[in-house]
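Accompanying notes for the structure given below.
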Amino acid sequence: MLKTLAKSIREYKKPALLTPVFVIIEVILDCIIPFIIAELVNVIKDGGDLNDILKSGAVLAVMAVLSLIFGICAAHTCSDAACGFAKNLRADMFARIQSFSFENIDRFTTSSLVTRLTTDVTYIQDAYMMIIRTAIRSPLMLIFAFIMAFIMGGSMAWIFVFVVPVLGGGLFLIIKKAMPRFRSVFKKYDRLNASIQENIKGIRVVKSFVREDYENKKFGAAASDIARDFTIAERIVSLDAPLMQFCLYAVMVLNLTVGSYMIVTTGGTRFDVGQLSAFLTYGFMMLNSLMMLSMIFVMITLADESCKRVCEVLREEPTLSSPESPLYEVKDGSVEFRGVSFKYSKKAKRNALEHIELKIRSGETIGIIGGTGSSKSSLVQLIPRLYDVTEGSVFVGGEDVRSYDLDTLRNSVAVVLQKNLLFSGTIKENLRWGNKEASDEELIAACKMACADEFIDSFPDGYDTHIEQGGANVSGGQKQRLCIARALLKKPKIIIFDDSTSAVDTKTDAKIRAALKRYIPETTKIIIAQRTASVEDADRIIVMENGRISAIGSHEQLLGSSEIYRGIYISQNKSSVDESLAENMVKEGAD
């Protein structure tokens, strides 16, 4: 796990290594200062002259300034190292997520990935900052202060041998009780983020059904659950302070009592006032170091859970990758399914697709229709290799899709989804996702084919109109037409419309199909639709049922041979069918 995370340190190794060096020097200086103070106290007590006092004061001032300088340097390099490490870690995670296939992404929820990129990385950053600074400073301070206490106090230092284990044992019990509560919070963070994401994404539905109060209560319950666990954990951890204070005052009372007794009874020959002041300072240093070590342990334990969650993402191997010697050219838009079966997960009990045998010629227009859950989308997702088949093979341009370079294959296959996504930016910027080098003329031509030019021209800023995140300021039909234009700019050999004209009227739908047929005849067009009107002029129509191909044929052939297709057609065109039957009955009566 540490090796995986260490790869993200990279250019921040230097500040990470300098920080402990600065800390060590700072600790040494801090431990010497009480010794010099003790000497100064003794000089004053013995009635030393002003020059001796000034010399000791000057040395003390120099030591204090140097300690401050090295402390500032340590803080500076520590913040650079920790923040840089967190930046790299987030960038590495994000890059890894970008390489994931749909199968990989299905293993993580969106909210969980967001939590890992934000909250988990923050915990790791804080722990890393403590490790390279405080986790070096506290043990060294504890050791050096203990040594100096024995040098200054002799046998009196045995007081710490008894007090330190009491504090250490108490802190250990506190941490042991608090840790399970801290660990339980992470999954609850995932659920909280899921609630936020779902609510914001569906805010229009929430408002239309007047469910704001319900959503507020749901969010409040999730937030209260996290707060409850954190409150219990923080209450346990807060016992650190009184325990620390108890041990500190106990040490002070013992030191002052025993030390004062020794000074009075021996006349300062075995133990003097300067030693007592230094001894008290070193005692405070030791106990404070123990306190800091307990907090470090809490932070590292918290970060340990975050490290595991982050490493899960960094170690996740993409299930899809380009072969060692890939093909970099797709010859044409022909598609063939040979004995294809597919399921989304190895654990799935049944296949989403069963025994698919299908040949599509390059330039052919294919319609796909079927009921909800008939696996229409699953079928087309195998063409650009968004998933790999479980059995059989899919061929594009006469070659198995697994033999292509992934980028080459996906640049040759454009997919327009029903739930299309536009990004914040101008219309031009969104369109150029299809082709970043596209000229303004090419943008206009693609928009004309997609019938998007009609509404773009009505905007005051035209193609420079700003699109809000998710395309919130355009209608569903406008969004779909912009996404069709974006796909056309790729100039693909195969274009797939996954129910992507469901939000446009039938007249516009017909105009788009006519334009595609006229302007890109060589491109293979696969149209998934719920409306028979969207596919009835296709060269062939595939009827899907329960993950299988039920029938293939033209519109007229399927009306006669496929009960499923005929049922869909009649249910969608009932009035026109009734009129046709009535006309036939009138003609038969006249005859």
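Chain labels run A, B, ... following the order of the structure tokens; each chain numbers its residues from 1, and ligands are numbered from 1 in the order shown.
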
Test item, alpha helix (DSSP H) assignment across stretch 330-409 of chain A, answer as a ChimeraX atom specification: /A:376-381,406-409

Which of stretch 373-500 of chain A fall in strand (DSSP E), as an MDAnalysis selection string: chainID A and resid 391:396 399:400 413:416 425:426 466:467 494:498

Write the selection just made, keeping C-alpha atoms, as a CSV table (one decimal), in the first residue's frame?
```csv
chain,number,residue,atom,x,y,z
A,391,GLU,CA,-18.7,-15.7,-25.5
A,392,GLY,CA,-18.2,-15.4,-29.2
A,393,SER,CA,-16.8,-12.4,-31.1
A,394,VAL,CA,-17.8,-9.0,-32.5
A,395,PHE,CA,-16.2,-7.9,-35.8
A,396,VAL,CA,-16.0,-4.4,-37.1
A,399,GLU,CA,-11.6,-7.6,-37.7
A,400,ASP,CA,-12.3,-8.7,-34.2
A,413,VAL,CA,-17.8,4.4,-33.8
A,414,ALA,CA,-19.9,7.3,-32.6
A,415,VAL,CA,-22.6,6.6,-30.0
A,416,VAL,CA,-25.4,9.1,-29.3
A,425,GLY,CA,-19.0,25.9,-22.0
A,426,THR,CA,-20.2,27.3,-25.4
A,466,HIS,CA,-23.0,29.3,-23.1
A,467,ILE,CA,-24.3,25.9,-22.1
A,494,ILE,CA,-20.5,3.6,-37.7
A,495,ILE,CA,-22.9,5.8,-35.9
A,496,ILE,CA,-25.2,4.4,-33.2
A,497,PHE,CA,-28.4,6.2,-32.0
A,498,ASP,CA,-29.4,4.7,-28.7
```

Interatomic distance (Å, one decimal) between atom CA of A:Ala303 and atom CA of A:Ala6: 14.4 Å

Selection: 7 Å around A:Ala278, only C-alpha atoms, excl. self and same-chain fewer than 5 positions, as number ranges by chain: A: 34-35, 38

Restricting the output to N, CA and C atoms, write the selected residues as a PDB file, in the first residue's frame.
```
ATOM      1  N   PRO A  34      16.434  24.713  27.452  1.00  0.00           N
ATOM      2  CA  PRO A  34      16.224  24.626  28.908  1.00  0.00           C
ATOM      3  C   PRO A  34      17.529  24.448  29.687  1.00  0.00           C
ATOM      4  N   PHE A  35      18.483  23.748  29.085  1.00  0.00           N
ATOM      5  CA  PHE A  35      19.788  23.556  29.728  1.00  0.00           C
ATOM      6  C   PHE A  35      20.483  24.905  29.929  1.00  0.00           C
ATOM      7  N   ALA A  38      18.761  26.900  32.600  1.00  0.00           N
ATOM      8  CA  ALA A  38      19.171  26.433  33.934  1.00  0.00           C
ATOM      9  C   ALA A  38      20.507  27.042  34.344  1.00  0.00           C
TER      10      ALA A  38
END
```

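You can rank A:Met148, A:Cys78, A:Val298, A:Cys247 by their closest distance to A:Gly170 using only C-alpha atoms, and at the top of that list sits A:Cys247.
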
Stretch 358-360 of chain A environment, 12 Å, only C-alpha atoms, sequence neighbours closer than 2 positions dropped, as an MDAnalysis selection string: chainID A and resid 332:340 355:356 362:367 379:380 383 392:398 494 523:526 539:542 548:552

Prev. selection, C-alpha atoms, output as an mmCIF file, in the first residue's frame:
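File produced: out-v4.cif:
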```cif
data_model
loop_
_atom_site.group_PDB
_atom_site.id
_atom_site.type_symbol
_atom_site.label_atom_id
_atom_site.label_comp_id
_atom_site.auth_asym_id
_atom_site.auth_seq_id
_atom_site.Cartn_x
_atom_site.Cartn_y
_atom_site.Cartn_z
ATOM 1 C CA ASP A 332 -15.238 0.042 -43.224
ATOM 2 C CA GLY A 333 -18.423 0.134 -41.157
ATOM 3 C CA SER A 334 -19.424 -3.520 -41.469
ATOM 4 C CA VAL A 335 -20.423 -5.258 -38.209
ATOM 5 C CA GLU A 336 -20.753 -8.942 -37.443
ATOM 6 C CA PHE A 337 -21.777 -10.801 -34.285
ATOM 7 C CA ARG A 338 -20.662 -14.439 -34.210
ATOM 8 C CA GLY A 339 -22.145 -16.602 -31.456
ATOM 9 C CA VAL A 340 -22.175 -13.694 -28.988
ATOM 10 C CA HIS A 355 -26.446 -16.511 -28.983
ATOM 11 C CA ILE A 356 -26.454 -13.422 -31.202
ATOM 12 C CA SER A 362 -21.151 -1.177 -44.352
ATOM 13 C CA GLY A 363 -23.441 1.806 -45.062
ATOM 14 C CA GLU A 364 -26.587 -0.111 -44.106
ATOM 15 C CA THR A 365 -29.255 1.502 -41.933
ATOM 16 C CA ILE A 366 -30.361 -0.852 -39.167
ATOM 17 C CA GLY A 367 -33.247 -0.282 -36.784
ATOM 18 C CA LEU A 379 -26.084 -5.202 -28.027
ATOM 19 C CA VAL A 380 -24.705 -1.944 -29.425
ATOM 20 C CA ILE A 383 -19.528 -2.638 -31.027
ATOM 21 C CA GLY A 392 -18.190 -15.388 -29.200
ATOM 22 C CA SER A 393 -16.763 -12.432 -31.133
ATOM 23 C CA VAL A 394 -17.777 -9.042 -32.503
ATOM 24 C CA PHE A 395 -16.201 -7.935 -35.795
ATOM 25 C CA VAL A 396 -15.969 -4.379 -37.131
ATOM 26 C CA GLY A 397 -14.503 -3.761 -40.570
ATOM 27 C CA GLY A 398 -13.800 -7.485 -40.857
ATOM 28 C CA ILE A 494 -20.482 3.571 -37.687
ATOM 29 C CA THR A 523 -21.664 5.379 -42.748
ATOM 30 C CA THR A 524 -23.381 2.439 -41.076
ATOM 31 C CA LYS A 525 -26.338 3.751 -39.095
ATOM 32 C CA ILE A 526 -27.776 1.760 -36.188
ATOM 33 C CA ASP A 539 -32.929 -1.290 -44.593
ATOM 34 C CA ARG A 540 -33.546 -3.896 -41.918
ATOM 35 C CA ILE A 541 -35.135 -3.883 -38.482
ATOM 36 C CA ILE A 542 -33.986 -6.147 -35.636
ATOM 37 C CA ARG A 548 -32.217 -12.602 -28.169
ATOM 38 C CA ILE A 549 -32.943 -11.612 -31.750
ATOM 39 C CA SER A 550 -36.606 -12.469 -32.258
ATOM 40 C CA ALA A 551 -36.912 -11.378 -35.895
ATOM 41 C CA ILE A 552 -35.108 -9.468 -38.668
#
```

Could you make a table, as JSON lines, of the residues of stretch 178-237 of chain A that have an atom within 8 Å of an atom of stretch 113-126 of chain A, each with its nearest atom pair and distance in Å to one decimal, counting only C-alpha atoms, in chain and number order?
```
{"residue": "A:Tyr189", "atom": "CA", "partner": "A:Thr115", "partner_atom": "CA", "distance": 6.9}
{"residue": "A:Asp190", "atom": "CA", "partner": "A:Thr115", "partner_atom": "CA", "distance": 6.1}
{"residue": "A:Asn193", "atom": "CA", "partner": "A:Thr115", "partner_atom": "CA", "distance": 7.2}
```

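Of the residues listed (A:Val237, A:Ala438, A:Ile175, A:Val23), A:Ala438 shows the shortest atom-to-atom separation from A:Lys490; distances use only C-alpha atoms.
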